[in-house]
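**Student:** One structure, as structure tokens, below. Some questions next.
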Amino acid sequence: MAAQFDLQEELQALQGSGDYSIDHEHDIRAMEPGEMDGLLQQAVRAIAESSESIMSPETFDILRSFLKHADAVPGILMSKLLDVITSGFVAEVDSAAHDIDHEDQQTCVTHKMPIEMYAFLLNWSVRAAEKVKSPDEDAPAAPAAKSRRGRGGKAAQARTAAKNRAAEWSWKDQIVPTLNLISKVLKLKTSKIWTTTGERDTFIGCLTAPAYHVTENDQYMKSQAIKLGIYKVICLAVKHHGHGPAAQTTIIQSLQYYEHLSEPMAECLTVLLKEFDHAQLGDEILREIAAKSFSAQDTKGPRNFSKFLTQFAEWAPRAVLKQISLLLSHLDSESYPMRMALVEIIGFLIRELACSEDLTNDASQTQKQLNGLYDLLLERTLDLSSYVRSKVLAVLGRLCDLPVKFPKQRLAITRAAGGALEDKVAGVRRNAVALIVKLIVTHPYGLMHGGLLGMQEWEERYRAVVQDLQKAEKALDETLNGRDAAEEMDKEGEEDESSTPRPKKKRVRRQSEGAEDAMNVDGEEDDEDDEADSIMDEDEPDRSRAEDEDNAEGDGDGAPTPKKKKNKRKSELDMAALTDEQAALAALESNQLLHLRLRKRYYAEALNFIRQVEEAAQIVCQLLGSTHKTEVLEAMEFFRVAHEYQLDSAETGIKKMLHLIWSKDNSSMSEDGKELKGVRSRVLECYRSLYFDPIPDMEPKQQVNRIAKNMIELTYDATLAELTSLEEMMRYMMDDDQIHQDVVNKLWQVYSSERPLPKQQRRGAIIIIGMLALARRSVVTDRVDVLLKIGLGPTGKADLILAKYTCVALQRLNGSAKKVKGSLLDKSMRLDMDSPVFRRLQDAIEHPCRSREWFALAEQAINTVYALGDRPEALANALIRALTRRAFRRRERPPPAPDAEPEDAPDALMDEDRDGDAPPESATPALLSAMPGSAGTQVPGGAPVRKSDDTGDAFELSQLLFVVGHVALKHIVYLELVEREWKRQKQEKELAEKMAKGGNDAAGKDGEELDQVAGNAEDEIGDRIAAVRESELLYGPDSLLALYGPLLVRICGRPDLFKNATLRATATLAFSKFLCVSSQFCDAHHGLLFRILETSRDAHIRSNIAIALGDVAVSFSTIIDENSDELYRGLSDGELVVKKNTLMVLTHLILNGMIKVKGQLGEMAKCLEDDEPRVADLAKLFFTDLSTKDNAIYNNLPDVISHLSVGAHALDEDAFQRTMRYIFAFIEKEKQAESIVEKLCQRFRLAEEPRQWRDVAFCLSLLPFRAERSVRRLVEGLPFYRDKLHEDGVYARFQEILAKARANRGQSKPDAELNEFENALEESRRQGAEDEALERRVEGKKAAAKKRATRRGARRRPAADADEEDE
């Protein structure tokens, strides 16, 4: 047997494709389980006697036969077989280990064959074990046993289940013991048993193969014990038995083919490096991976290798750092997963270099490495792949958490993140926002001043330190100059003492110069002492005082008289002391100077960072409107953090964030598998954390005051849209009981305070109260008297805005139950007209006032009357009559006093908005002079003589017309409520009758008849109400409103007579509301409204008319549909407000099907290129919503192209292309594309200008050409555009179409048709170019001939003239 067994041959035979032959093979498949057990028992006895019995052919063949037919072996016998092999192997290994330690080489070699045979069997058993089936695997599933009732039923079932589990055999349970056995074998000193390297490598390969085989199963690799066993086997083999090259090959292949082995192989190499101190294998694998190249089409391999590299770099960064120069080649790889891996590797290396204390490298070398790695990361922010760009930003975000801050790199990172905010991919933008948030949270500028990032505070600090630095530098220069002068003076004194006496005149001059120098020095020193006292807190005043005394002595010697020698010696001693002191102060000043320079640099970097974040915040503010939920959530988090750090831009973002309260919440999952909060809930959470959550360690009363103050401040300078969104948020929070009653009480306290509070604060309190009452009516029902006393009392009359919002709060008495369509239920509350509420409302409206704020108050007051009153028309009548009497009352015009001025003249001048040709305020009573009986005369003396004529004040008439118009509009709504109430009463009456007849047998039939009668009755009610609205409101003989229709038509139709801007605006508004009341009035006068829209110079009037036309279109669509062209006039208006409102109205009307689009969609498309971003965004939103309607864009596309390409409305070519590119993106159906190709090809036939050819060709190139039918239609249309292909722009577009068609065509389909089409295009282009050249030549010859003829005619004419003269 010894001569026959060769491990290498046996392994090759086992792995070969043919059948493995055994000399004395036993037919296991033909045996019964009992026979198998007897045969196996024979081998067990032999091996139990001696582990070397494995060399017996009979025993070895028995074991091989079982392994060959393992799929037929029961699990219990397979377990016994594995026990036999492992126990024999253990015994043989123990014997070999003993002999290695105590015997000679020859004895050790005798263990070679049995160990190889056991290794071979173990190798085979691992492969065969997975084929073994459990005992009942082939049998059909047994029916579930019925549970026995009575004692012991459950216990019996448990015992049976335990017995079944014991009988089953699982290979997974045997893997760990097997791997432990292999590890034990690998601890042998194989060099004493295998003398040649080849034989040893074969044995080691046979022994480690089971471990690699186990790794191929991803389920096994989820077990930590199995993974550790495999790691130990591989590490022992590599460390002690030269298995490195083989392991390298196997690991690379595993990474190539098995996705689940990336992390385990990285972990294995980490264990080998750290626990076995063997780095060579990891280095070799990294070098081999660095030498590989990956294509963009290869997906599986790069992902596996990138995951491996990332994990290995995380666990063993120093090992990767040694090979990083080679790995960096993959930064230019075509495969983006490899580039992503390198980005993450660089991040781990930066973390390692920044945090570890490596004594082998100096600090400068480490800093150089860090700078280089950061530069590589920042370069990758411009990678072509969005995945790589996102990964770079994520890695940079993690690096922000490092304890080392890298200020220079952080500024560069902030710049890169700001640029990434404008990336076209949402994922990149989201990561950029998250990175900026991380940069703010971890910024290094909080050491000195607490970390807040307000721009103004930091600029003030920077200016202060710059001034301090300038002072210090100046002081240091003066100090140094003073010390030089002192040294020179001292030197001169020494020369005087040692040399011969000088003439008296010279000595006096030098002493005088020295005294002057000393005085200058002392003066500088005093300044420096003051500076030191203020900045460095040094104790210098005593010294300065001593110096001042010395200087005073010196000053007395300023006269040019000779000094005594004693005084001279004292002066020299003082000068020496002064020089020493100056040296000390100079050193002190230099330290202070360094400190100030560092502070200046610190502040400059902080300001740079803040400015970059502020610039980025403007883009993040736009991202709040993104359609990607994760991006919006990150933007909201940015502004929450920015608010905490007091960035200036936070307030804008927080306000814009409020509009997201209207988002519909739906749960979704992020890319990392986490559930994302809804946008709405996130908005509420942000606002709660910023404004409503209590602050720790604050008294409850202070908490309430703080929350109330925050709520009130949210209303400051808020727009109508912001207040609407704030109202929805307050309603939601109040519904959810998130606002405490103490806060509500505090708001009432602020509103009703007797103290003189700022107007804005009191207004904010009532605004919030009204919002809270929307959710809970009881907020205002208990305090109506307070509302009447404050808002509609003297305080409200002094502050009309407060009165307006008080009216809004009073409307909440009616509740906020939404009306259900078709329902007759009405939960509103109505008050008697005798209620003090209505008296106060009437007083508020009739109170004399000349402020424009009165109109907003009057609007809300009338709304309140119609919302709460049971008979609002009574109060409306009284109001209109009172205002009419006031507007048309007789008045005498007093002579103007030169020095007197009306009490409310400033208000009038401020609130009256006159054109340049409007008369001054003093002439406003004469503005109605065009009305009959209003003429007046003046006597020469200047005093007016009044006739008994009616004159009125323009502002008072404006108030009257406003009320009349708004009452008309509200009365329409009131009529609808009356109609519903009548129907409800009728329904209740009929229901009661039906219930009374409920006992009859014919109830069913009667019920059907009753429903029919009730339906007819409801139709009668509806017709009656419609008749009242149509004929009685504006044309009834008893109608008060009927009196004002002609007046409105007169004022609106004669702007030359009625020139007051406020009067014209209110009259136009009231006139628009009258048009919504009656179709008869609308049909007669709607042309006037269009004329005002065309001729008015007031943008606000035109804007109001645009909105009003939308309301009129809703009421009487047929009338406006006939004049729909006029609706689009506002889109070309020069004023933004007119254009924006017109676009919004048209969007509403078109999307809701209220008007038909008749070719005017091109005007809407022109708004896509508007200079104002808000208009362009509204237009994009319109087309996005329009695309959801069936074929809406497709049906109107030809008209849009015609409208924008030719004629007076045409766009320039670049704008046309941008607009069409946006619109064509909505053409997704292939059938639509096919039809558009056919229509556009036919359009070439009618196009005459090259511009039209290019436009049509460009539109064709925008289609996808995914289907062959579209290409076929294009080929069939060749005759229509054959003669246009000589135009370069047209031919280039057809080349693009060809490229697109080829890209969409499958590789299996031939390109013969496209090649033929391309040749036809080329031929047509050549022919067209020749025809054009011929035409140009002909035209040139014609022009030349005409020119020659002209010359000949010119020559003949002088000759003819000369002949005539001769005659």
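In the structure tokens, each chain is lettered A, B, ... as it comes, each chain's residues begin at 1, and ligands are numbered from 1 in order of appearance.
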Please list as a short mmCIF file (atom, residue, chain, number, x, y, z; two decimals) with all heavy atoms, in the first residue's frame every residue within 6 Å of Ala1179 in chain A, counting only C-alpha atoms and excluding residues in the same chain fewer than 2 positions away.
**Tutor:**
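New file out36.cif:
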```
data_model
loop_
_atom_site.label_atom_id
_atom_site.label_comp_id
_atom_site.auth_asym_id
_atom_site.auth_seq_id
_atom_site.Cartn_x
_atom_site.Cartn_y
_atom_site.Cartn_z
N CYS A 1167 -42.87 81.34 -20.64
CA CYS A 1167 -42.53 81.64 -19.24
C CYS A 1167 -41.44 80.72 -18.70
O CYS A 1167 -40.83 81.03 -17.67
CB CYS A 1167 -43.77 81.52 -18.37
SG CYS A 1167 -45.04 82.75 -18.74
N LEU A 1168 -41.18 79.61 -19.38
CA LEU A 1168 -40.10 78.73 -18.93
C LEU A 1168 -38.75 79.42 -19.02
O LEU A 1168 -37.81 79.05 -18.30
CB LEU A 1168 -40.07 77.45 -19.79
CG LEU A 1168 -41.24 76.49 -19.62
CD1 LEU A 1168 -41.23 75.43 -20.71
CD2 LEU A 1168 -41.17 75.81 -18.25
N ALA A 1176 -40.45 81.25 -13.85
CA ALA A 1176 -39.97 80.05 -14.55
C ALA A 1176 -40.32 78.79 -13.77
O ALA A 1176 -40.74 77.78 -14.34
CB ALA A 1176 -38.46 80.15 -14.77
N ASP A 1177 -40.19 78.85 -12.45
CA ASP A 1177 -40.53 77.67 -11.63
C ASP A 1177 -42.02 77.36 -11.69
O ASP A 1177 -42.42 76.19 -11.74
CB ASP A 1177 -40.09 77.91 -10.18
CG ASP A 1177 -38.57 77.92 -10.04
OD1 ASP A 1177 -37.90 77.43 -10.95
OD2 ASP A 1177 -38.08 78.44 -9.01
N LEU A 1181 -43.72 73.94 -13.06
CA LEU A 1181 -44.71 73.20 -12.28
C LEU A 1181 -45.98 72.98 -13.09
O LEU A 1181 -46.59 71.90 -13.04
CB LEU A 1181 -45.02 73.98 -10.99
CG LEU A 1181 -46.01 73.32 -10.02
CD1 LEU A 1181 -45.46 72.01 -9.51
CD2 LEU A 1181 -46.30 74.27 -8.86
N PHE A 1182 -46.38 74.00 -13.87
CA PHE A 1182 -47.58 73.85 -14.70
C PHE A 1182 -47.42 72.72 -15.71
O PHE A 1182 -48.30 71.86 -15.86
CB PHE A 1182 -47.86 75.17 -15.42
CG PHE A 1182 -48.83 75.05 -16.56
CD1 PHE A 1182 -50.18 74.87 -16.32
CD2 PHE A 1182 -48.39 75.09 -17.88
CE1 PHE A 1182 -51.08 74.74 -17.37
CE2 PHE A 1182 -49.28 74.95 -18.93
CZ PHE A 1182 -50.63 74.78 -18.68
#
```
**Student:** If you measure from CA of Ser1124 in chain A to CA of Asn1152 in chain A, what distance in Å do you get, rounded to one decimal?
**Tutor:** 15.2 Å
**Student:** Quick one: residues within 7 Å of range 1198-1210 of chain A, only C-alpha atoms, excluding same-chain residues fewer than 5 positions away - as an NGL selection string?
**Tutor:** :A and (1159 or 1161-1162 or 1216 or 1252 or 1255)
**Student:** One number please: CA of Ala290 in chain A to CA of Gln248 in chain A, in Å, one decimal.
**Tutor:**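 One can read the CA of Ala290 in chain A to CA of Gln248 in chain A distance as 13.9 Å.
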